[in-house]
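A.B. asks: Here you go, this is input-v2.pdb (PDB, C-alpha atoms).
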```pdb
ATOM      1  CA  MET A   1     188.188  85.940  90.781
ATOM      2  CA  LYS A   2     191.442  85.567  92.675
ATOM      3  CA  ASN A   3     193.511  82.465  92.006
ATOM      4  CA  ALA A   4     193.194  81.203  95.562
ATOM      5  CA  PRO A   5     192.274  77.728  96.816
ATOM      6  CA  ALA A   6     188.548  77.123  96.896
ATOM      7  CA  SER A   7     186.965  77.650 100.282
ATOM      8  CA  LEU A   8     183.823  76.194 101.798
ATOM      9  CA  ALA A   9     182.894  79.694 102.973
ATOM     10  CA  PRO A  10     179.971  81.000 100.875
ATOM     11  CA  VAL A  11     180.724  83.585  98.200
ATOM     12  CA  ALA A  12     178.168  85.913  96.636
ATOM     13  CA  ILE A  13     178.521  86.790  92.947
ATOM     14  CA  TYR A  14     176.903  90.111  92.094
ATOM     15  CA  GLY A  15     176.573  90.232  88.307
ATOM     16  CA  MET A  16     176.126  93.681  86.829
ATOM     17  CA  SER A  17     176.685  95.983  83.890
ATOM     18  CA  ALA A  18     177.989  98.616  86.352
ATOM     19  CA  ASP A  19     177.345 101.519  84.013
ATOM     20  CA  PRO A  20     178.279 102.996  86.413
ATOM     21  CA  ALA A  21     178.634 101.011  89.635
ATOM     22  CA  HIS A  22     177.240 103.178  92.442
ATOM     23  CA  LYS A  23     176.613 103.445  96.177
ATOM     24  CA  GLY A  24     173.349 101.520  95.841
ATOM     25  CA  HIS A  25     175.423  98.523  94.731
ATOM     26  CA  LEU A  26     177.595  99.006  97.810
ATOM     27  CA  LYS A  27     174.562  98.936 100.099
ATOM     28  CA  VAL A  28     173.398  95.678  98.528
ATOM     29  CA  ALA A  29     176.870  94.158  98.937
ATOM     30  CA  GLU A  30     177.042  95.260 102.577
ATOM     31  CA  SER A  31     173.623  93.769 103.298
ATOM     32  CA  VAL A  32     174.678  90.469 101.721
ATOM     33  CA  MET A  33     177.897  90.383 103.751
ATOM     34  CA  GLU A  34     175.942  90.955 106.953
ATOM     35  CA  SER A  35     173.884  87.852 106.186
ATOM     36  CA  GLY A  36     176.941  85.615 106.516
ATOM     37  CA  TYR A  37     178.939  85.516 103.275
ATOM     38  CA  SER A  38     182.722  85.421 103.302
ATOM     39  CA  ARG A  39     182.977  87.965 100.492
ATOM     40  CA  VAL A  40     181.053  89.545  97.660
ATOM     41  CA  VAL A  41     182.347  89.608  94.096
ATOM     42  CA  LEU A  42     181.210  92.325  91.697
ATOM     43  CA  MET A  43     181.358  90.533  88.356
ATOM     44  CA  LEU A  44     181.106  92.942  85.458
ATOM     45  CA  THR A  45     179.651  91.744  82.191
ATOM     46  CA  PRO A  46     181.269  92.870  78.910
ATOM     47  CA  GLN A  47     177.799  93.087  77.335
ATOM     48  CA  ASN A  48     174.455  92.382  78.982
ATOM     49  CA  PRO A  49     172.521  90.344  76.352
ATOM     50  CA  LEU A  50     169.243  91.687  77.758
ATOM     51  CA  LYS A  51     170.143  95.301  77.006
ATOM     52  CA  GLN A  52     169.944  96.559  73.444
ATOM     53  CA  SER A  53     172.116  99.663  73.766
ATOM     54  CA  ALA A  54     175.896  99.380  73.797
ATOM     55  CA  PRO A  55     177.377  99.977  77.266
ATOM     56  CA  THR A  56     180.183 102.314  78.195
ATOM     57  CA  PRO A  57     183.531 100.682  77.252
ATOM     58  CA  PHE A  58     184.414  97.856  79.630
ATOM     59  CA  VAL A  59     187.701  99.430  80.750
ATOM     60  CA  HIS A  60     185.878 102.547  82.007
ATOM     61  CA  ARG A  61     183.221 100.535  83.833
ATOM     62  CA  MET A  62     185.930  98.460  85.540
ATOM     63  CA  GLU A  63     187.819 101.566  86.613
ATOM     64  CA  LEU A  64     184.687 103.200  88.003
ATOM     65  CA  ALA A  65     183.826 100.045  89.956
ATOM     66  CA  ARG A  66     187.386  99.924  91.314
ATOM     67  CA  ARG A  67     187.033 103.490  92.551
ATOM     68  CA  LEU A  68     183.739 102.605  94.222
ATOM     69  CA  ILE A  69     185.203  99.607  96.072
ATOM     70  CA  GLY A  70     188.194 101.490  97.427
ATOM     71  CA  ARG A  71     189.980  99.621 100.220
ATOM     72  CA  ARG A  72     187.160  97.206 101.105
ATOM     73  CA  THR A  73     189.013  93.890 101.309
ATOM     74  CA  TRP A  74     185.818  91.830 101.543
ATOM     75  CA  LEU A  75     184.550  93.215  98.243
ATOM     76  CA  GLU A  76     186.224  91.910  95.095
ATOM     77  CA  LEU A  77     186.045  93.125  91.511
ATOM     78  CA  SER A  78     186.118  90.478  88.786
ATOM     79  CA  ASP A  79     186.328  90.529  85.003
ATOM     80  CA  ALA A  80     185.860  86.751  84.842
ATOM     81  CA  GLU A  81     183.145  86.954  82.188
ATOM     82  CA  ALA A  82     185.572  88.835  79.958
ATOM     83  CA  TRP A  83     188.510  86.430  80.270
ATOM     84  CA  MET A  84     186.188  83.459  79.932
ATOM     85  CA  GLN A  85     185.250  85.031  76.581
ATOM     86  CA  LEU A  86     181.547  84.553  77.251
ATOM     87  CA  TYR A  87     180.384  86.945  74.563
ATOM     88  CA  GLY A  88     177.315  87.162  72.329
ATOM     89  CA  ASP A  89     175.049  84.153  72.450
ATOM     90  CA  GLU A  90     177.459  82.411  74.827
ATOM     91  CA  LEU A  91     177.158  85.125  77.458
ATOM     92  CA  ARG A  92     174.816  83.215  79.728
ATOM     93  CA  THR A  93     174.740  82.736  83.475
ATOM     94  CA  HIS A  94     174.676  78.949  83.172
ATOM     95  CA  THR A  95     177.864  78.960  81.090
ATOM     96  CA  MET A  96     179.633  81.279  83.525
ATOM     97  CA  PHE A  97     178.806  79.227  86.600
ATOM     98  CA  SER A  98     179.720  76.006  84.787
ATOM     99  CA  GLN A  99     183.167  77.493  84.245
ATOM    100  CA  LEU A 100     183.425  78.695  87.853
ATOM    101  CA  ARG A 101     182.472  75.230  89.089
ATOM    102  CA  LYS A 102     185.458  73.761  87.246
ATOM    103  CA  ILE A 103     187.771  76.215  88.997
ATOM    104  CA  TYR A 104     186.108  76.230  92.427
ATOM    105  CA  PRO A 105     184.299  72.856  92.664
ATOM    106  CA  ASP A 106     183.466  73.057  96.379
ATOM    107  CA  THR A 107     182.761  76.746  96.954
ATOM    108  CA  PRO A 108     179.107  77.561  97.732
ATOM    109  CA  PHE A 109     178.136  80.332  95.332
ATOM    110  CA  THR A 110     175.098  82.610  95.475
ATOM    111  CA  PHE A 111     174.159  84.602  92.403
ATOM    112  CA  ILE A 112     172.666  88.030  93.213
ATOM    113  CA  ILE A 113     170.194  89.428  90.705
ATOM    114  CA  GLY A 114     167.769  92.348  90.756
ATOM    115  CA  SER A 115     164.036  91.795  90.833
ATOM    116  CA  ASP A 116     163.745  93.298  87.345
ATOM    117  CA  ASN A 117     165.919  90.488  85.983
ATOM    118  CA  TRP A 118     164.094  87.916  88.120
ATOM    119  CA  MET A 119     160.834  88.796  86.386
ATOM    120  CA  HIS A 120     162.171  87.380  83.100
ATOM    121  CA  PHE A 121     164.672  84.893  84.553
ATOM    122  CA  HIS A 122     162.585  82.102  82.989
ATOM    123  CA  THR A 123     163.778  83.283  79.555
ATOM    124  CA  TRP A 124     167.456  82.840  80.418
ATOM    125  CA  GLY A 125     169.267  79.911  78.827
ATOM    126  CA  ARG A 126     168.919  76.691  80.886
ATOM    127  CA  PHE A 127     167.499  78.716  83.766
ATOM    128  CA  ARG A 128     166.377  75.644  85.745
ATOM    129  CA  GLU A 129     169.865  74.166  85.621
ATOM    130  CA  ILE A 130     171.483  77.320  86.989
ATOM    131  CA  LEU A 131     170.323  76.219  90.439
ATOM    132  CA  ASP A 132     172.349  73.033  90.002
ATOM    133  CA  LEU A 133     175.417  75.266  90.123
ATOM    134  CA  CYS A 134     174.601  77.933  92.712
ATOM    135  CA  ALA A 135     171.938  79.563  94.848
ATOM    136  CA  ILE A 136     170.076  82.734  93.847
ATOM    137  CA  LEU A 137     169.337  85.806  95.945
ATOM    138  CA  VAL A 138     166.824  88.241  94.434
ATOM    139  CA  ILE A 139     167.239  91.903  95.387
ATOM    140  CA  PRO A 140     164.118  94.126  95.317
ATOM    141  CA  ARG A 141     164.365  97.069  92.933
ATOM    142  CA  PRO A 142     161.949  99.893  92.131
ATOM    143  CA  GLY A 143     159.339  98.680  89.652
ATOM    144  CA  GLY A 144     160.581  95.103  89.960
ATOM    145  CA  GLY A 145     157.069  93.667  90.154
ATOM    146  CA  ASN A 146     155.680  90.884  92.335
ATOM    147  CA  MET A 147     158.715  88.666  92.732
ATOM    148  CA  GLU A 148     156.770  85.780  94.249
ATOM    149  CA  ALA A 149     154.498  85.707  91.185
ATOM    150  CA  ALA A 150     157.313  85.828  88.625
ATOM    151  CA  PRO A 151     157.237  82.923  86.121
ATOM    152  CA  ALA A 152     160.568  81.659  87.481
ATOM    153  CA  ALA A 153     159.253  81.765  91.061
ATOM    154  CA  VAL A 154     156.256  79.666  90.007
ATOM    155  CA  ALA A 155     158.346  77.234  87.965
ATOM    156  CA  LEU A 156     160.933  76.867  90.744
ATOM    157  CA  LYS A 157     158.512  76.992  93.670
ATOM    158  CA  ALA A 158     159.803  73.712  95.092
ATOM    159  CA  LEU A 159     163.308  75.205  95.266
ATOM    160  CA  LYS A 160     162.413  78.287  97.282
ATOM    161  CA  ASP A 161     164.770  78.420 100.262
ATOM    162  CA  PRO A 162     162.960  77.403 103.473
ATOM    163  CA  ALA A 163     165.499  79.446 105.459
ATOM    164  CA  THR A 164     164.832  83.158 105.841
ATOM    165  CA  ASN A 165     168.263  84.360 106.935
ATOM    166  CA  GLY A 166     171.919  83.489 106.499
ATOM    167  CA  PRO A 167     173.475  82.442 103.174
ATOM    168  CA  VAL A 168     170.982  81.003 100.699
ATOM    169  CA  THR A 169     170.875  77.201 100.687
ATOM    170  CA  GLN A 170     172.667  75.827  97.636
ATOM    171  CA  GLY A 171     170.307  74.869  94.838
ATOM    172  CA  HIS A 172     167.605  77.198  96.163
ATOM    173  CA  TRP A 173     166.445  80.790  95.706
ATOM    174  CA  ARG A 174     165.291  83.475  98.089
ATOM    175  CA  VAL A 175     163.996  87.033  97.860
ATOM    176  CA  LEU A 176     165.648  89.612 100.105
ATOM    177  CA  PRO A 177     162.813  91.172 102.153
ATOM    178  CA  ASP A 178     163.988  94.779 101.907
ATOM    179  CA  MET A 179     165.572  97.091  99.329
ATOM    180  CA  PRO A 180     169.110  97.818 100.598
ATOM    181  CA  GLY A 181     170.148  99.691  97.462
ATOM    182  CA  GLY A 182     167.410 102.287  97.801
ATOM    183  CA  ASN A 183     166.088 103.958  94.664
ATOM    184  CA  ALA A 184     169.479 104.359  93.008
ATOM    185  CA  SER A 185     169.539 103.533  89.295
ATOM    186  CA  ALA A 186     172.541 103.566  86.962
ATOM    187  CA  LYS A 187     170.324 104.882  84.174
ATOM    188  CA  GLN A 188     169.069 107.753  86.323
ATOM    189  CA  ILE A 189     172.642 108.561  87.370
ATOM    190  CA  ARG A 190     173.736 108.721  83.718
ATOM    191  CA  GLN A 191     170.826 111.008  82.918
ATOM    192  CA  LYS A 192     171.689 113.337  85.789
ATOM    193  CA  ILE A 193     175.327 113.534  84.697
ATOM    194  CA  ALA A 194     174.208 114.345  81.138
ATOM    195  CA  VAL A 195     172.305 117.430  82.326
ATOM    196  CA  GLY A 196     174.955 118.522  84.813
ATOM    197  CA  GLU A 197     173.160 117.576  88.034
ATOM    198  CA  ASP A 198     175.007 116.690  91.240
ATOM    199  CA  VAL A 199     175.502 112.909  91.624
ATOM    200  CA  SER A 200     177.647 112.877  94.780
ATOM    201  CA  ARG A 201     174.795 111.123  96.577
ATOM    202  CA  TRP A 202     175.370 108.038  94.417
ATOM    203  CA  LEU A 203     179.011 108.219  93.310
ATOM    204  CA  THR A 204     182.310 108.692  95.142
ATOM    205  CA  PRO A 205     184.517 111.758  94.521
ATOM    206  CA  GLU A 206     187.033 109.452  92.805
ATOM    207  CA  GLN A 207     184.348 108.191  90.411
ATOM    208  CA  ILE A 208     183.126 111.687  89.625
ATOM    209  CA  ALA A 209     186.679 112.853  88.899
ATOM    210  CA  TYR A 210     187.228 109.875  86.576
ATOM    211  CA  ILE A 211     183.963 110.536  84.726
ATOM    212  CA  GLN A 212     184.890 114.173  84.217
ATOM    213  CA  ALA A 213     188.437 113.333  83.117
ATOM    214  CA  HIS A 214     187.180 110.913  80.466
ATOM    215  CA  ASP A 215     184.086 112.895  79.473
ATOM    216  CA  LEU A 216     181.712 110.001  80.218
ATOM    217  CA  TYR A 217     177.900 110.128  80.241
ATOM    218  CA  THR A 218     177.726 113.586  78.732
ATOM    219  CA  THR A 219     174.761 112.445  76.647
ATOM    220  CA  SER A 220     171.830 110.510  78.143
TER     221      SER A 220
END
```
Represent the structure from my file as structure tokens, please.

C.D. replies:
Amino acid sequence: MKNAPASLAPVAIYGMSADPAHKGHLKVAESVMESGYSRVVLMLTPQNPLKQSAPTPFVHRMELARRLIGRRTWLELSDAEAWMQLYGDELRTHTMFSQLRKIYPDTPFTFIIGSDNWMHFHTWGRFREILDLCAILVIPRPGGGNMEAAPAAVALKALKDPATNGPVTQGHWRVLPDMPGGNASAKQIRQKIAVGEDVSRWLTPEQIAYIQAHDLYTTS
């Protein structure tokens, strides 16, 4: 994140593998901004510990995300997980937000996660304590399951945000009622690129040109 003084304005942290970042991510970010956040930060992870396969090299994923963001000043791209060196077993959300709290002690943070991740959020390291450091906004995704019945939702029932709009109350969680990102999936986009299908619906011309120049996603 930018080395600027901490602000009391709420900031949303959108953690992702971004392999590749796509227009569905933009729609989610826009929806979050409309709910009252000062900015949204796309925080790319060097390696998602929940995914077994190795991702596309970090430098390419960062460049593709940069080309997606364009000139949107309210949307920030961060490699904070990389420079914090939160790799391997230490790559955990609790560790990341503990570090951010040291840098920005007063900033209200909301962590955005997809419903697929929410369904096994209870397996994340120190998952209960994550809400001591930020709020959580769950984004519906295709096949994400019943978010209200997720083990984490049951375990953290007392911390469900009583508010239904605006930034999520710190220390609480909320499920976004709609699916702003549509049915876009990074995996599906990679598969379409591998077989030569048109992906302009999900990626910008700048992203497509970069992918072609670096011969990315040619195998599914």

A.B. asks: I'd like the neighbourhood of Ala184 (chain A) as a ChimeraX atom specification, where a residue qualifies if any of its atoms comes within 12 Å (using all atoms listed in the file), though same-chain residues fewer than 2 positions away should be ignored.

C.D. replies: /A:20-28,140-142,179-182,186-190,192,199-203

A.B. asks: For Thr45 (chain A), which of A:Thr219, A:Thr73, A:Thr93, A:Gln191 is the closest residue, counting only C-alpha atoms?

C.D. replies: A:Thr93

A.B. asks: Applied to this file, what does the PyMOL selection byres ((chain A and resi 13) around 10) return in terms of residues, put as a compact mmCIF listing (two decimals) with C-alpha atoms, keeping the file's coordinate frame?

C.D. replies:
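expr_8.txt written:
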```txt
# COMPACT_ATOMS: atom_id res chain seq x y z
CA MET A 1 188.19 85.94 90.78
CA PRO A 10 179.97 81.00 100.88
CA VAL A 11 180.72 83.58 98.20
CA ALA A 12 178.17 85.91 96.64
CA TYR A 14 176.90 90.11 92.09
CA GLY A 15 176.57 90.23 88.31
CA MET A 16 176.13 93.68 86.83
CA ALA A 29 176.87 94.16 98.94
CA ARG A 39 182.98 87.96 100.49
CA VAL A 40 181.05 89.54 97.66
CA VAL A 41 182.35 89.61 94.10
CA LEU A 42 181.21 92.32 91.70
CA MET A 43 181.36 90.53 88.36
CA GLU A 76 186.22 91.91 95.10
CA LEU A 77 186.04 93.12 91.51
CA SER A 78 186.12 90.48 88.79
CA PHE A 97 178.81 79.23 86.60
CA PHE A 109 178.14 80.33 95.33
CA THR A 110 175.10 82.61 95.48
CA PHE A 111 174.16 84.60 92.40
CA ILE A 112 172.67 88.03 93.21
CA ILE A 113 170.19 89.43 90.70
CA CYS A 134 174.60 77.93 92.71
CA ALA A 135 171.94 79.56 94.85
CA ILE A 136 170.08 82.73 93.85
CA LEU A 137 169.34 85.81 95.94
```

A.B. asks: Tell me which residues the PyMOL selection byres ((chain A and resi 168-174) around 8) grabs here, as a list in words.

C.D. replies: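 That expression, the PyMOL selection byres ((chain A and resi 168-174) around 8), corresponds here to Pro108, Phe109, Thr110, Leu131, Asp132, Leu133, Cys134, Ala135, Ile136, Leu137, Val138, Leu159, Lys160, Asp161, Ala163, Thr164, Asn165, Gly166, Pro167, Val175 and Leu176 of chain A.
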
A.B. asks: Check the smallest atom-to-atom distance from each of A:Ser35, A:Ser185, A:Thr204, A:Ser17 to Met62 (chain A) using only C-alpha atoms, then report the winner.

C.D. replies: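 Closest residue, counting only C-alpha atoms: A:Ser17.
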
A.B. asks: For the file shown, what are the residues hit by the PyMOL selection byres ((chain A and resi 98) around 12), laid out as a list in words?

C.D. replies: Glu81, Met84, Leu86, Leu91, Arg92, Thr93, His94, Thr95, Met96, Phe97, Gln99, Leu100, Arg101, Lys102, Ile103, Tyr104, Pro105, Phe109, Arg126, Glu129, Ile130, Leu131, Asp132, Leu133 and Cys134 of chain A

A.B. asks: Work out how far CA of Gly114 (chain A) is from CA of Arg66 (chain A), in Å to one decimal.

C.D. replies: 21.0 Å

A.B. asks: Find, counting only C-alpha atoms, the residue in A:His214, A:Asn183, A:Ala149, A:Glu206 that gets nearest to Ile69 (chain A).

C.D. replies: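 With only C-alpha atoms as the atom set, the closest residue is A:Glu206.
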
A.B. asks: Here is a test: counting only C-alpha atoms, which residue of A:Ala209, A:Asp178, A:Leu8, A:Ala153 is nearest to Arg128 (chain A)?

C.D. replies: A:Ala153

A.B. asks: Suppose you want the space between CA of Asp116 (chain A) and CA of Gly145 (chain A); what is it in Å?

C.D. replies: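 CA of Gly145 (chain A) lies at a distance of 7.3 Å from CA of Asp116 (chain A).
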
A.B. asks: Could you please determine the separation between CA of Ala65 (chain A) and CA of Ile139 (chain A) in Å, to one decimal place?

C.D. replies: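 Taking CA of Ala65 (chain A) as the start and CA of Ile139 (chain A) as the end point, the length is 19.3 Å.
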
A.B. asks: With all atoms listed in the file as the basis for distance, which of A:Ala158, A:Met33, A:Ala152, A:Met119 is at the shortest distance from Trp74 (chain A)?

C.D. replies: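 Residue with the minimum atom-to-atom distance to Trp74 (chain A): A:Met33.
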
A.B. asks: Using all atoms listed in the file, can you tell me which of A:Phe127, A:Val154, A:Gly70, A:Ser115 comes closest to Pro177 (chain A)?

C.D. replies: A:Ser115
